[in-house]
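Just below is one structure, and these are the notes that go with it.
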Amino acid sequence: MIKTYEDCICFLFAKANQKAQALLKQTLKPYGLTAVQILILEALWEDEGITAGELGKRLVLDNATLSGVLDRLAASGWLTKETDTADKRALKIFLSPKARQHKNALFQIRENVNTHMLNSLSIEEQLLFKRLLKEMR
């Protein structure tokens with residue numbers, strides 16, 4: 001039984017997310033990137049050249065949101081968009097040299113934010129927490 005809003009899981013998730021997003025925003029500021037933009041870049045580092053549609057499915061982003069974010073990333077030199085030769089209606093997304101150059105630094109930022117967010121938990125608690133979050137997706 002929830003006694004107060006402070007015991008509500010939705011409230012707790014929201015507050016934890018606010019803290020994580022604020023820290024990520026602060027550390028990404030020198031690169032001019034947002035949390036969603038870094039998520040897209042990381043997905044492309046794993047599987048470059050996928051279509052925008054596939055990228056949206058993997059990251060659970062609607063087409064309108066994804067399109068705007070991809071446009072901003074392309075305009076700021078982080079990626080390029082090319083028409084798929086097999087399907088002229090589809091766009092394939094590729095990383096730019098700028099994205100490749102900053103890959104290690106941006107991965108380190110992610111690791112630092114994760115470490116900061118989880119530093120009050122033991123290794124066992126961290127593993128359990130991650131497993132539980134994955135099960136809730």
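By convention in this document, the chains of the structure tokens carry letters A, B, ... by their order, each chain's residues are numbered from 1, and ligands are numbered from 1 in the order they are shown.
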
Residues flagged helix (DSSP H, G or I) by DSSP in chain A, as a PyMOL selection string: chain A and resi 5-7+9-31+35-46+52-59+63-75+97-118+123-136

Shell of 8 Å around Leu66 of chain A, only C-alpha atoms, local chain residues under 4 positions omitted, as a ChimeraX atom specification: /A:52,56,61-62,70

Just write the chosen residues, C-alpha atoms, as a PDB file, in the first residue's frame.
ATOM      1  CA  ALA A  52      15.791   5.480 -40.128  1.00  0.00           C
ATOM      2  CA  GLY A  56      13.178   4.223 -34.715  1.00  0.00           C
ATOM      3  CA  LEU A  61      10.999   6.577 -31.168  1.00  0.00           C
ATOM      4  CA  ASP A  62       8.129   7.724 -33.369  1.00  0.00           C
ATOM      5  CA  LEU A  70      18.224  13.129 -37.253  1.00  0.00           C
TER       6      LEU A  70
END

Residue nearest Leu24 of chain A among A:Leu121, A:Ile50, A:Leu106, A:Lys130 (counting only C-alpha atoms): A:Leu106

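Between Lys19 of chain A and the residues A:Ile109, A:Leu95, A:Ile38, A:Leu118, the shortest atom-to-atom distance, using only C-alpha atoms, involves A:Leu118.
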
Contacts of segment 14-18 of chain A at 12 Å or less, counting only C-alpha atoms, minus same-chain residues fewer than 3 places along, as a PDB file with C-alpha atoms, in the first residue's frame?
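Once written, out20.pdb looks like this:
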ATOM      1  CA  TYR A   5       3.510  10.126  -3.186  1.00  0.00           C
ATOM      2  CA  GLU A   6       7.132   9.629  -2.119  1.00  0.00           C
ATOM      3  CA  ASP A   7       6.464   5.877  -1.983  1.00  0.00           C
ATOM      4  CA  CYS A   8       4.936   5.802  -5.460  1.00  0.00           C
ATOM      5  CA  ILE A   9       7.148   3.974  -7.944  1.00  0.00           C
ATOM      6  CA  CYS A  10       6.225   6.436 -10.711  1.00  0.00           C
ATOM      7  CA  PHE A  11       7.397   9.339  -8.555  1.00  0.00           C
ATOM      8  CA  GLN A  21      19.003  13.379 -17.390  1.00  0.00           C
ATOM      9  CA  ALA A  22      20.324  16.527 -15.714  1.00  0.00           C
ATOM     10  CA  LEU A  23      23.741  14.955 -15.195  1.00  0.00           C
ATOM     11  CA  LEU A  24      23.843  13.627 -18.746  1.00  0.00           C
ATOM     12  CA  LYS A  25      22.736  17.010 -20.127  1.00  0.00           C
ATOM     13  CA  ALA A  35      20.370  12.486 -24.309  1.00  0.00           C
ATOM     14  CA  VAL A 113      27.073   9.106 -15.576  1.00  0.00           C
ATOM     15  CA  ASN A 114      26.169   5.453 -15.016  1.00  0.00           C
ATOM     16  CA  HIS A 116      27.664   8.287 -10.606  1.00  0.00           C
ATOM     17  CA  MET A 117      24.026   7.173 -10.645  1.00  0.00           C
ATOM     18  CA  LEU A 118      24.814   3.715  -9.285  1.00  0.00           C
TER      19      LEU A 118
END

Separation of atom CA of Glu54 of chain A from atom CA of Leu91 of chain A in Å: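 So the answer is 9.9 Å.
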
Strand (DSSP E) positions in chain A, given as a list in words: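 In chain A, DSSP puts these residues in strand (DSSP E): Leu79, Thr80, Lys81, Glu82, Thr83, Leu91, Lys92, Ile93, Phe94 and Leu95 of chain A.
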
Between atom CA of Leu128 of chain A and atom CA of Leu28 of chain A, distance in Å (one decimal):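 Straight-line distance from atom CA of Leu128 of chain A to atom CA of Leu28 of chain A works out to 27.6 Å.
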
Non-local contacts of Trp45 of chain A (10 Å; only C-alpha atoms; under 4 positions in same chain excluded) as a PyMOL selection string: chain A and resi 39-41+49+94-95+99-100+103

What would the file look like if the residues just selected were written as a PDB file, in the first residue's frame with C-alpha atoms?
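Saved the output as out-v7.pdb:
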ATOM      1  CA  LEU A  39      21.293   7.413 -27.792  1.00  0.00           C
ATOM      2  CA  ILE A  40      20.975   7.576 -31.578  1.00  0.00           C
ATOM      3  CA  LEU A  41      24.733   7.889 -32.049  1.00  0.00           C
ATOM      4  CA  GLY A  49      23.974   2.194 -42.021  1.00  0.00           C
ATOM      5  CA  PHE A  94      25.760   6.892 -41.295  1.00  0.00           C
ATOM      6  CA  LEU A  95      28.139   8.380 -38.765  1.00  0.00           C
ATOM      7  CA  ALA A  99      31.047  11.179 -34.571  1.00  0.00           C
ATOM      8  CA  ARG A 100      33.840   8.652 -35.024  1.00  0.00           C
ATOM      9  CA  LYS A 103      33.140   8.079 -29.883  1.00  0.00           C
TER      10      LYS A 103
END

Of the listed residues A:Ile123, A:Ala105, A:Ile93, A:Leu73, that which approaches Asp47 of chain A most closely, counting only C-alpha atoms: A:Ile93
